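Structure data follow from model.cif (mmCIF, C-alpha atoms):
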data_model
loop_
_atom_site.label_atom_id
_atom_site.label_comp_id
_atom_site.auth_asym_id
_atom_site.auth_seq_id
_atom_site.Cartn_x
_atom_site.Cartn_y
_atom_site.Cartn_z
CA MET A 523 -35.23 -15.58 5.14
CA ARG A 524 -32.82 -15.43 2.20
CA VAL A 525 -31.75 -11.80 1.99
CA PHE A 526 -29.86 -10.67 -1.09
CA ILE A 527 -28.21 -7.29 -0.82
CA VAL A 528 -27.15 -5.41 -3.92
CA GLY A 529 -24.26 -3.14 -3.03
CA THR A 530 -21.08 -3.37 -0.99
CA GLY A 531 -20.98 0.03 0.70
CA ASN A 532 -21.64 1.19 4.26
CA MET A 533 -25.41 0.72 4.04
CA ALA A 534 -25.05 -2.76 2.50
CA GLY A 535 -22.77 -3.77 5.35
CA ALA A 536 -25.05 -2.22 7.97
CA ILE A 537 -28.23 -3.88 6.71
CA ALA A 538 -26.38 -7.17 6.35
CA THR A 539 -25.26 -6.83 9.98
CA ARG A 540 -28.90 -6.52 11.13
CA ALA A 541 -30.08 -9.35 8.87
CA LEU A 542 -27.35 -11.66 10.18
CA ALA A 543 -28.19 -10.65 13.76
CA GLY A 544 -31.71 -11.84 12.97
CA GLY A 545 -30.37 -15.23 11.85
CA HIS A 546 -31.07 -14.75 8.15
CA LEU A 547 -28.98 -15.94 5.22
CA VAL A 548 -27.27 -13.04 3.46
CA ARG A 549 -25.85 -12.92 -0.04
CA LEU A 550 -23.97 -9.88 -1.33
CA ILE A 551 -24.03 -8.83 -4.97
CA GLY A 552 -21.47 -6.24 -5.96
CA THR A 553 -20.35 -4.81 -9.26
CA ASP A 554 -16.86 -5.56 -7.91
CA PRO A 555 -16.77 -9.23 -6.80
CA VAL A 556 -13.60 -8.62 -4.80
CA LYS A 557 -15.37 -6.00 -2.67
CA ALA A 558 -18.36 -8.29 -2.15
CA ALA A 559 -16.06 -11.10 -0.99
CA ALA A 560 -14.18 -8.75 1.35
CA LEU A 561 -17.44 -7.48 2.88
CA ALA A 562 -18.69 -11.05 3.34
CA ASP A 563 -15.43 -11.93 5.12
CA ALA A 564 -15.69 -8.90 7.39
CA LEU A 565 -19.31 -9.72 8.27
CA SER A 566 -18.39 -13.36 8.95
CA GLU A 567 -15.73 -12.28 11.43
CA ARG A 568 -18.12 -9.87 13.14
CA THR A 569 -20.96 -12.42 13.51
CA PRO A 570 -19.77 -15.94 14.35
CA GLY A 571 -21.85 -18.60 12.59
CA ALA A 572 -23.22 -16.13 10.08
CA ASP A 573 -24.27 -17.51 6.70
CA VAL A 574 -22.96 -14.77 4.44
CA ALA A 575 -21.25 -14.97 1.07
CA PRO A 576 -20.85 -13.08 -2.18
CA ALA A 577 -23.18 -13.98 -5.03
CA VAL A 578 -23.58 -13.32 -8.73
CA PRO A 579 -26.57 -11.30 -9.97
CA ASP A 580 -28.25 -14.35 -11.54
CA ALA A 581 -28.47 -15.99 -8.12
CA VAL A 582 -31.08 -13.42 -7.13
CA GLY A 583 -33.80 -15.81 -8.24
CA SER A 584 -33.45 -17.69 -4.95
CA ALA A 585 -33.89 -14.59 -2.79
CA ASP A 586 -36.87 -13.95 -0.53
CA VAL A 587 -35.97 -10.29 -0.10
CA VAL A 588 -33.72 -8.19 -2.31
CA VAL A 589 -32.31 -5.01 -0.75
CA LEU A 590 -31.09 -2.36 -3.16
CA ALA A 591 -28.33 -0.86 -1.01
CA VAL A 592 -27.15 1.47 -3.74
CA PRO A 593 -27.83 5.10 -4.68
CA PHE A 594 -31.13 5.89 -6.40
CA ASP A 595 -29.73 6.17 -9.93
CA ARG A 596 -27.95 2.85 -9.63
CA ALA A 597 -31.06 1.26 -8.09
CA ARG A 598 -33.02 2.26 -11.19
CA GLN A 599 -30.43 0.53 -13.37
CA VAL A 600 -30.55 -2.59 -11.20
CA VAL A 601 -34.33 -3.06 -11.30
CA THR A 602 -34.24 -2.54 -15.06
CA GLU A 603 -31.36 -4.97 -15.59
CA TYR A 604 -32.81 -7.64 -13.28
CA GLY A 605 -36.22 -7.31 -14.93
CA ASP A 606 -38.55 -10.23 -14.30
CA GLN A 607 -36.05 -11.98 -12.04
CA LEU A 608 -37.60 -9.70 -9.40
CA THR A 609 -41.22 -10.56 -10.21
CA GLY A 610 -43.06 -11.72 -7.10
CA LYS A 611 -40.17 -10.73 -4.87
CA THR A 612 -39.96 -8.17 -2.08
CA VAL A 613 -37.51 -5.52 -3.24
CA VAL A 614 -36.39 -2.91 -0.72
CA ASP A 615 -35.48 0.62 -1.78
CA ILE A 616 -33.38 2.43 0.83
CA SER A 617 -32.39 5.39 -1.33
CA ASN A 618 -32.65 9.11 -0.77
CA PRO A 619 -32.96 11.08 -4.01
CA VAL A 620 -31.30 14.13 -2.51
CA ASP A 621 -29.58 16.86 -4.52
CA PHE A 622 -26.26 16.29 -2.77
CA SER A 623 -24.76 19.49 -4.14
CA THR A 624 -27.12 21.53 -1.93
CA PHE A 625 -28.81 19.10 0.51
CA ASP A 626 -31.82 21.39 0.01
CA SER A 627 -34.16 19.50 -2.32
CA LEU A 628 -35.10 16.12 -3.71
CA THR A 629 -34.41 15.19 -7.33
CA VAL A 630 -37.82 13.58 -7.90
CA PRO A 631 -41.07 15.44 -8.71
CA ALA A 632 -43.07 16.78 -5.74
CA ASP A 633 -45.81 14.20 -6.25
CA SER A 634 -43.45 11.24 -6.52
CA SER A 635 -40.54 9.53 -4.77
CA ALA A 636 -37.54 7.39 -5.54
CA ALA A 637 -39.51 4.33 -4.42
CA GLN A 638 -42.43 5.06 -6.74
CA GLN A 639 -40.08 5.68 -9.64
CA LEU A 640 -38.33 2.37 -8.98
CA ALA A 641 -41.70 0.61 -8.83
CA GLU A 642 -42.49 2.08 -12.26
CA ALA A 643 -39.13 0.93 -13.64
CA ALA A 644 -39.46 -2.58 -12.19
CA ALA A 645 -41.10 -5.54 -13.92
CA PRO A 646 -44.82 -5.98 -13.13
CA GLY A 647 -45.39 -7.95 -9.95
CA THR A 648 -42.25 -6.68 -8.25
CA HIS A 649 -43.19 -5.74 -4.67
CA LEU A 650 -41.33 -2.52 -4.00
CA VAL A 651 -40.99 -1.56 -0.34
CA LYS A 652 -39.37 1.56 1.08
CA ALA A 653 -37.34 0.98 4.23
CA PHE A 654 -34.06 1.92 5.93
CA ASN A 655 -33.92 5.37 4.28
CA THR A 656 -33.95 7.29 7.59
CA THR A 657 -31.30 5.20 9.34
CA PHE A 658 -27.66 6.06 8.85
CA ALA A 659 -25.18 3.17 8.54
CA GLY A 660 -23.42 3.85 11.82
CA SER A 661 -26.50 3.56 13.99
CA LEU A 662 -27.73 0.55 11.99
CA VAL A 663 -24.55 -1.33 12.76
CA ALA A 664 -24.97 -0.41 16.44
CA GLY A 665 -28.66 -1.41 16.21
CA GLU A 666 -29.67 1.46 18.46
CA VAL A 667 -29.27 5.14 19.07
CA GLY A 668 -29.14 6.86 22.44
CA GLY A 669 -30.09 3.57 24.07
CA LEU A 670 -33.30 3.24 22.03
CA PRO A 671 -34.00 0.71 19.25
CA LEU A 672 -33.90 2.29 15.81
CA ASP A 673 -37.19 2.95 14.04
CA VAL A 674 -37.29 1.61 10.49
CA PHE A 675 -40.14 3.24 8.56
CA ILE A 676 -41.74 0.96 5.98
CA ALA A 677 -44.00 1.88 3.05
CA GLY A 678 -45.30 -0.41 0.34
CA ASP A 679 -48.38 -1.36 -1.61
CA ASP A 680 -48.17 -5.11 -0.99
CA ALA A 681 -49.14 -5.92 2.60
CA ALA A 682 -47.32 -9.27 2.62
CA ALA A 683 -44.12 -7.65 1.37
CA ARG A 684 -44.39 -4.91 4.01
CA ASP A 685 -44.87 -7.56 6.70
CA GLN A 686 -41.84 -9.47 5.42
CA VAL A 687 -39.66 -6.37 5.73
CA ALA A 688 -41.15 -5.65 9.17
CA GLU A 689 -40.19 -9.20 10.22
CA LEU A 690 -36.66 -8.72 8.85
CA VAL A 691 -36.41 -5.48 10.81
CA SER A 692 -37.76 -6.77 14.11
CA SER A 693 -35.72 -9.99 14.00
CA GLY A 694 -32.65 -7.78 13.71
CA GLY A 695 -33.54 -5.97 16.93
CA LEU A 696 -35.03 -2.88 15.34
CA ASN A 697 -38.50 -1.34 15.56
CA PRO A 698 -40.57 -1.54 12.34
CA VAL A 699 -43.03 1.32 11.73
CA VAL A 700 -45.32 0.49 8.83
CA VAL A 701 -46.69 3.77 7.48
CA GLY A 702 -48.84 2.52 4.60
CA ALA A 703 -48.84 2.62 0.81
CA LEU A 704 -45.73 3.11 -1.31
CA ARG A 705 -46.70 6.71 -2.11
CA HIS A 706 -45.92 7.54 1.52
CA ALA A 707 -42.28 6.94 0.65
CA ARG A 708 -42.45 10.61 -0.35
CA GLU A 709 -42.90 11.69 3.25
CA LEU A 710 -40.09 9.38 4.39
CA GLU A 711 -37.70 10.75 1.76
CA GLY A 712 -38.80 14.28 2.65
CA ILE A 713 -38.01 14.08 6.34
CA GLN A 714 -34.69 12.37 5.61
CA LEU A 715 -33.74 15.28 3.35
CA LEU A 716 -34.05 17.54 6.41
CA HIS A 717 -32.24 15.02 8.61
CA MET A 718 -29.35 14.73 6.15
CA ALA A 719 -29.14 18.50 5.69
CA LEU A 720 -28.80 18.88 9.47
CA GLN A 721 -25.68 16.71 9.40
CA THR A 722 -24.00 19.25 7.15
CA ARG A 723 -24.47 21.96 9.80
CA PRO A 724 -22.88 22.52 13.22
CA GLU A 725 -25.98 21.18 15.01
CA GLY A 726 -25.65 17.83 13.23
CA HIS A 727 -24.66 14.61 14.97
CA GLY A 728 -21.92 13.25 12.71
CA TRP A 729 -24.35 11.12 10.68
CA MET A 730 -25.05 9.01 13.78
CA SER A 731 -28.54 10.28 14.72
CA ALA A 732 -31.85 8.72 13.75
CA ILE A 733 -35.45 9.81 13.27
CA LYS A 734 -37.66 8.16 15.83
CA ILE A 735 -41.21 8.26 17.07
CA VAL A 736 -40.58 8.50 20.78
CA ALA A 737 -43.40 7.30 23.03
CA PRO A 738 -44.03 7.94 26.72
CA MET B 1206 -41.27 38.14 24.58
CA ARG B 1207 -44.91 39.09 24.14
CA VAL B 1208 -46.57 35.96 22.75
CA PHE B 1209 -50.10 36.23 21.41
CA ILE B 1210 -51.86 32.96 20.80
CA VAL B 1211 -54.90 32.80 18.55
CA GLY B 1212 -57.06 29.88 19.65
CA THR B 1213 -58.27 28.40 22.91
CA GLY B 1214 -58.00 24.67 22.25
CA ASN B 1215 -55.57 22.01 23.45
CA MET B 1216 -52.67 23.23 21.31
CA ALA B 1217 -53.22 26.86 22.38
CA GLY B 1218 -53.10 25.79 26.03
CA ALA B 1219 -50.05 23.57 25.46
CA ILE B 1220 -48.01 26.22 23.64
CA ALA B 1221 -49.05 28.80 26.25
CA THR B 1222 -47.81 26.42 28.96
CA ARG B 1223 -44.35 26.26 27.33
CA ALA B 1224 -44.24 30.03 26.71
CA LEU B 1225 -45.15 30.75 30.33
CA ALA B 1226 -42.55 28.22 31.51
CA GLY B 1227 -40.06 30.29 29.54
CA GLY B 1228 -41.11 33.43 31.40
CA HIS B 1229 -42.86 35.10 28.49
CA LEU B 1230 -46.01 37.20 28.54
CA VAL B 1231 -48.95 35.36 26.97
CA ARG B 1232 -52.17 36.81 25.61
CA LEU B 1233 -54.98 34.56 24.36
CA ILE B 1234 -57.30 35.58 21.54
CA GLY B 1235 -60.39 33.43 21.12
CA THR B 1236 -63.51 33.74 19.03
CA ASP B 1237 -65.27 32.98 22.32
CA PRO B 1238 -63.98 35.47 24.97
CA VAL B 1239 -65.36 33.29 27.77
CA LYS B 1240 -63.22 30.35 26.66
CA ALA B 1241 -60.14 32.58 26.39
CA ALA B 1242 -60.72 33.87 29.92
CA ALA B 1243 -61.23 30.35 31.26
CA LEU B 1244 -58.02 29.12 29.62
CA ALA B 1245 -56.10 32.11 30.99
CA ASP B 1246 -57.42 31.29 34.48
CA ALA B 1247 -56.43 27.64 34.15
CA LEU B 1248 -52.92 28.57 32.96
CA SER B 1249 -52.54 31.08 35.82
CA GLU B 1250 -53.32 28.39 38.35
CA ARG B 1251 -50.90 25.95 36.73
CA THR B 1252 -47.99 28.42 36.57
CA PRO B 1253 -47.74 30.69 39.63
CA GLY B 1254 -46.67 34.22 38.70
CA ALA B 1255 -47.59 33.72 35.04
CA ASP B 1256 -48.49 36.84 33.07
CA VAL B 1257 -51.39 35.46 31.04
CA ALA B 1258 -54.71 37.05 30.09
CA PRO B 1259 -57.31 37.07 27.35
CA ALA B 1260 -57.01 39.75 24.67
CA VAL B 1261 -59.02 41.20 21.82
CA PRO B 1262 -57.83 40.71 18.23
CA ASP B 1263 -56.88 44.38 17.85
CA ALA B 1264 -54.35 44.03 20.67
CA VAL B 1265 -52.21 41.87 18.39
CA GLY B 1266 -50.30 44.97 17.32
CA SER B 1267 -48.26 44.78 20.53
CA ALA B 1268 -47.22 41.14 19.98
CA ASP B 1269 -43.67 40.01 19.27
CA VAL B 1270 -44.81 36.59 18.17
CA VAL B 1271 -48.30 35.53 17.07
CA VAL B 1272 -49.06 31.81 17.22
CA LEU B 1273 -51.97 30.60 15.09
CA ALA B 1274 -53.10 27.71 17.29
CA VAL B 1275 -56.10 26.95 15.11
CA PRO B 1276 -56.83 24.54 12.24
CA PHE B 1277 -55.43 25.40 8.81
CA ASP B 1278 -58.68 26.72 7.32
CA ARG B 1279 -59.25 29.00 10.29
CA ALA B 1280 -55.61 30.12 10.20
CA ARG B 1281 -56.10 31.27 6.62
CA GLN B 1282 -59.09 33.35 7.70
CA VAL B 1283 -57.12 34.83 10.58
CA VAL B 1284 -54.14 36.00 8.51
CA THR B 1285 -56.54 37.50 5.99
CA GLU B 1286 -58.66 39.26 8.64
CA TYR B 1287 -55.64 40.56 10.58
CA GLY B 1288 -54.02 41.77 7.37
CA ASP B 1289 -51.28 44.34 7.86
CA GLN B 1290 -51.56 44.15 11.65
CA LEU B 1291 -49.20 41.18 11.17
CA THR B 1292 -46.70 43.01 8.97
CA GLY B 1293 -43.19 42.74 10.38
CA LYS B 1294 -44.30 40.19 12.96
CA THR B 1295 -43.29 36.60 13.48
CA VAL B 1296 -46.40 34.51 12.85
CA VAL B 1297 -46.27 30.82 13.72
CA ASP B 1298 -48.28 28.24 11.79
CA ILE B 1299 -48.70 25.00 13.71
CA SER B 1300 -51.32 23.45 11.44
CA ASN B 1301 -51.49 20.10 9.70
CA PRO B 1302 -53.55 20.19 6.51
CA VAL B 1303 -54.55 16.55 6.84
CA ASP B 1304 -57.62 14.98 5.23
CA PHE B 1305 -59.05 13.94 8.59
CA SER B 1306 -61.65 11.67 6.97
CA THR B 1307 -58.88 9.28 5.87
CA PHE B 1308 -55.64 10.37 7.62
CA ASP B 1309 -54.03 9.29 4.34
CA SER B 1310 -53.23 12.52 2.48
CA LEU B 1311 -52.67 16.23 2.81
CA THR B 1312 -55.19 18.75 1.49
CA VAL B 1313 -52.57 21.04 -0.06
CA PRO B 1314 -50.88 20.52 -3.46
CA ALA B 1315 -47.81 18.25 -3.52
CA ASP B 1316 -45.48 21.19 -4.15
CA SER B 1317 -46.91 23.36 -1.37
CA SER B 1318 -47.81 23.31 2.32
CA ALA B 1319 -50.20 24.93 4.75
CA ALA B 1320 -47.42 27.26 5.84
CA GLN B 1321 -46.66 28.41 2.30
CA GLN B 1322 -50.33 28.97 1.59
CA LEU B 1323 -50.68 31.05 4.75
CA ALA B 1324 -47.63 33.08 3.74
CA GLU B 1325 -49.32 33.78 0.41
CA ALA B 1326 -52.56 34.81 2.16
CA ALA B 1327 -50.77 37.05 4.67
CA ALA B 1328 -49.94 40.72 4.17
CA PRO B 1329 -46.51 41.39 2.66
CA GLY B 1330 -43.78 41.50 5.30
CA THR B 1331 -45.47 38.97 7.56
CA HIS B 1332 -42.78 36.51 8.70
CA LEU B 1333 -44.45 33.13 8.55
CA VAL B 1334 -42.71 30.38 10.52
CA LYS B 1335 -43.73 26.73 10.74
CA ALA B 1336 -43.33 25.20 14.18
CA PHE B 1337 -45.03 22.90 16.70
CA ASN B 1338 -46.79 20.85 13.99
CA THR B 1339 -45.16 17.56 15.00
CA THR B 1340 -45.78 17.88 18.74
CA PHE B 1341 -49.09 16.73 20.17
CA ALA B 1342 -50.65 18.82 22.96
CA GLY B 1343 -50.19 16.21 25.68
CA SER B 1344 -46.44 15.92 25.31
CA LEU B 1345 -46.09 19.71 24.88
CA VAL B 1346 -47.75 20.27 28.26
CA ALA B 1347 -45.40 17.68 29.76
CA GLY B 1348 -42.47 19.34 27.95
CA GLU B 1349 -40.89 15.97 27.25
CA VAL B 1350 -41.55 12.50 25.96
CA GLY B 1351 -39.97 9.31 27.20
CA GLY B 1352 -37.62 11.39 29.34
CA LEU B 1353 -36.29 13.33 26.35
CA PRO B 1354 -36.90 17.01 25.54
CA LEU B 1355 -39.34 17.46 22.67
CA ASP B 1356 -37.96 18.46 19.29
CA VAL B 1357 -39.74 21.43 17.73
CA PHE B 1358 -38.97 21.61 14.01
CA ILE B 1359 -38.83 25.16 12.65
CA ALA B 1360 -38.99 26.33 9.02
CA GLY B 1361 -39.17 29.88 7.78
CA ASP B 1362 -37.74 32.27 5.22
CA ASP B 1363 -36.82 35.04 7.67
CA ALA B 1364 -33.78 34.05 9.72
CA ALA B 1365 -34.55 36.50 12.55
CA ALA B 1366 -38.09 35.17 12.86
CA ARG B 1367 -36.83 31.57 12.90
CA ASP B 1368 -34.34 32.51 15.62
CA GLN B 1369 -37.09 34.17 17.64
CA VAL B 1370 -39.21 31.01 17.53
CA ALA B 1371 -36.15 28.92 18.37
CA GLU B 1372 -35.59 31.14 21.42
CA LEU B 1373 -39.25 30.78 22.45
CA VAL B 1374 -38.90 27.01 22.11
CA SER B 1375 -35.63 26.65 24.01
CA SER B 1376 -36.67 28.99 26.82
CA GLY B 1377 -39.65 26.70 27.34
CA GLY B 1378 -37.38 23.71 27.84
CA LEU B 1379 -37.76 22.23 24.37
CA ASN B 1380 -35.22 21.50 21.65
CA PRO B 1381 -35.48 23.72 18.55
CA VAL B 1382 -34.47 22.12 15.24
CA VAL B 1383 -34.25 24.75 12.51
CA VAL B 1384 -34.62 22.98 9.17
CA GLY B 1385 -34.41 25.92 6.76
CA ALA B 1386 -36.69 27.79 4.39
CA LEU B 1387 -40.47 27.87 4.69
CA ARG B 1388 -40.88 25.47 1.76
CA HIS B 1389 -39.48 22.76 4.02
CA ALA B 1390 -42.74 23.00 5.97
CA ARG B 1391 -43.91 20.50 3.36
CA GLU B 1392 -41.61 17.82 4.74
CA LEU B 1393 -42.68 18.62 8.31
CA GLU B 1394 -46.36 18.39 7.41
CA GLY B 1395 -45.66 15.20 5.47
CA ILE B 1396 -44.03 13.30 8.33
CA GLN B 1397 -46.72 14.47 10.73
CA LEU B 1398 -49.37 13.04 8.40
CA LEU B 1399 -47.74 9.63 8.93
CA HIS B 1400 -47.36 10.24 12.66
CA MET B 1401 -51.03 11.19 13.03
CA ALA B 1402 -52.19 8.25 10.93
CA LEU B 1403 -50.26 5.92 13.25
CA GLN B 1404 -52.33 7.17 16.20
CA THR B 1405 -55.47 5.88 14.49
CA ARG B 1406 -54.04 2.34 14.42
CA PRO B 1407 -53.35 -0.17 17.20
CA GLU B 1408 -49.61 0.59 17.13
CA GLY B 1409 -50.28 4.26 17.97
CA HIS B 1410 -49.40 5.86 21.29
CA GLY B 1411 -52.62 7.63 22.23
CA TRP B 1412 -51.53 10.93 20.66
CA MET B 1413 -48.72 11.21 23.22
CA SER B 1414 -45.70 10.33 21.07
CA ALA B 1415 -43.38 12.77 19.30
CA ILE B 1416 -41.08 12.79 16.31
CA LYS B 1417 -37.50 13.27 17.40
CA ILE B 1418 -34.02 13.23 16.00
CA VAL B 1419 -32.35 10.98 18.54
CA ALA B 1420 -28.59 11.37 18.86
CA PRO B 1421 -26.02 9.02 20.42
#
What is this file in structure tokens?
Amino acid sequence: MRVFIVGTGNMAGAIATRALAGGHLVRLIGTDPVKAAALADALSERTPGADVAPAVPDAVGSADVVVLAVPFDRARQVVTEYGDQLTGKTVVDISNPVDFSTFDSLTVPADSSAAQQLAEAAAPGTHLVKAFNTTFAGSLVAGEVGGLPLDVFIAGDDAAARDQVAELVSSGGLNPVVVGALRHARELEGIQLLHMALQTRPEGHGWMSAIKIVAP
Amino acid sequence: MRVFIVGTGNMAGAIATRALAGGHLVRLIGTDPVKAAALADALSERTPGADVAPAVPDAVGSADVVVLAVPFDRARQVVTEYGDQLTGKTVVDISNPVDFSTFDSLTVPADSSAAQQLAEAAAPGTHLVKAFNTTFAGSLVAGEVGGLPLDVFIAGDDAAARDQVAELVSSGGLNPVVVGALRHARELEGIQLLHMALQTRPEGHGWMSAIKIVAP
């Protein structure tokens, strides 16, 4: 799979780590090319034999999966700017539209979600998929938490696109949990609001915990 | 703590099991007194020395905590019928307002929750607390899942009432996770919708899994 990641922050690096662990090609698109090159170098050193490099935005046409590893507001700009270059592609929204001044509410209407708003902003035929919004970067890099594989919750309207993200997730050693249509991104963003808010309190786990469906 | 449980089904029995494990007094209020007596007998046998018995609705005045272990629609009737007998008390809503014909949506408005609607239906001064909605009965009876203590997510507007439920939860060997105000019941009901829907699909866990925040 050719995985293009937009962003050069902690989540971009963490998702790239999992994608490379799964043997996928990774290209990094950053607003700052120097940062993208530095992240590619760091990932290369961490995963011998990894096919990872920086890329320019126009290269996105050759991607199988595009991961928007940027905050919600920036993700909205990206899908607008990229326009029909994303048509037919699987585009992954990882964002959490949290009011970070309070960690007490989402910034999207109660009957919507960041993922649905991105789908509305994207060119027709773009297959928006929500994933990786409940996994913090630290545990993603580790690939597990408390000795258990991370759950990656996946929501999307296009079944093939959901399956593609599930394959990306499982090849990277994680546990995909497909929850259904894109509108269920709301529930995923909702629980992550509570999970993030916990990290700001004494009972938090230093942004290293993960939400999981634990089975007997 | 004097814990009154309204309901005689699987969740009533499971929550009673945890409360008795914590050394609390349990009284069971059922629409069918025979069922309440039978459940009390079964719980007595399971937990030697347990103080558990059936009770009539009017006895609820002596409760410290009242658990509505009934479906949402019935819970709304109960808080209305009990009226100001619940004033000043901690009343726990465990319900999931799921459209059970599809397992694909909630039956409450997007900006509300079962818990908030019960709070509106209850007499003023009733301290509604959401808890136990993400834990299935089987794992509650076991007290754990996959070797880990169950998380019980707690939302409520009254801090003392939240703390009381957290104490009930931890004394029963479970892990309380206080998430904040009652309006955050929405997020708890939302994630449980997805968790329940999973059980209806091949990748489900036979209604024995639990949602947990797993820490390193």
Evaluate the PyMOL selection byres ((chain A) within 7 of (chain B)) and record the selected residues as a PDB file with C-alpha atoms, keeping the file's coordinate frame, following the chain and residue labels used in the document.
ATOM      1  CA  ALA A 632     -43.070  16.780  -5.740  1.00  0.00           C
ATOM      2  CA  ASP A 633     -45.810  14.200  -6.250  1.00  0.00           C
ATOM      3  CA  VAL A 667     -29.270   5.140  19.070  1.00  0.00           C
ATOM      4  CA  GLY A 668     -29.140   6.860  22.440  1.00  0.00           C
ATOM      5  CA  VAL A 701     -46.690   3.770   7.480  1.00  0.00           C
ATOM      6  CA  GLU A 709     -42.900  11.690   3.250  1.00  0.00           C
ATOM      7  CA  LEU A 710     -40.090   9.380   4.390  1.00  0.00           C
ATOM      8  CA  GLY A 712     -38.800  14.280   2.650  1.00  0.00           C
ATOM      9  CA  ILE A 713     -38.010  14.080   6.340  1.00  0.00           C
ATOM     10  CA  LEU A 716     -34.050  17.540   6.410  1.00  0.00           C
ATOM     11  CA  HIS A 727     -24.660  14.610  14.970  1.00  0.00           C
ATOM     12  CA  MET A 730     -25.050   9.010  13.780  1.00  0.00           C
ATOM     13  CA  SER A 731     -28.540  10.280  14.720  1.00  0.00           C
ATOM     14  CA  ALA A 732     -31.850   8.720  13.750  1.00  0.00           C
ATOM     15  CA  ILE A 733     -35.450   9.810  13.270  1.00  0.00           C
ATOM     16  CA  LYS A 734     -37.660   8.160  15.830  1.00  0.00           C
ATOM     17  CA  ILE A 735     -41.210   8.260  17.070  1.00  0.00           C
ATOM     18  CA  VAL A 736     -40.580   8.500  20.780  1.00  0.00           C
ATOM     19  CA  ALA A 737     -43.400   7.300  23.030  1.00  0.00           C
ATOM     20  CA  PRO A 738     -44.030   7.940  26.720  1.00  0.00           C
TER      21      PRO A 738
END
Task: Expansion of the PyMOL selection byres ((chain B and resi 1277) around 7) into residues, as an NGL selection string - done: :B and (1275-1276 or 1278-1281 or 1300-1302 or 1319)
TODO: List the neighbours of range 578-582 of chain A out to 10 Å using all atoms listed in the file; skip same-chain residues closer than 5 positions along the sequence, and give me the result as a PyMOL selection string.
DONE: chain A and resi 524-528+549-553+555+558+587-588+600+603-604+607-608+611
Open item on the list: Excluding range 543-547 of chain A and its own-chain neighbours fewer than 4 positions away, which residues fall within 7 Å of it when counting all atoms listed in the file? Please give them as a list in words.
Closed with: Met523, Arg524, Val525, Thr539, Asp573, Val574, Ser693 and Gly694 of chain A
Open item on the list: I want to know what sits within 10 Å of Leu565 in chain A, based on only C-alpha atoms, with residues of the same chain fewer than 4 positions away left out; could you give that as a list of chain:residue names?
Closed with: A:Gly535, A:Ala536, A:Ala538, A:Thr539, A:Leu542, A:Val548, A:Ala559, A:Ala560, A:Leu561, A:Thr569, A:Pro570, A:Ala572, A:Asp573, A:Val574, A:Ala575
Open item on the list: Could you tell me, as a count of residues only, exactly which residues end up selected when the PyMOL selection byres ((chain A and resi 683-688) around 12) is applied to this structure?
Closed with: 51
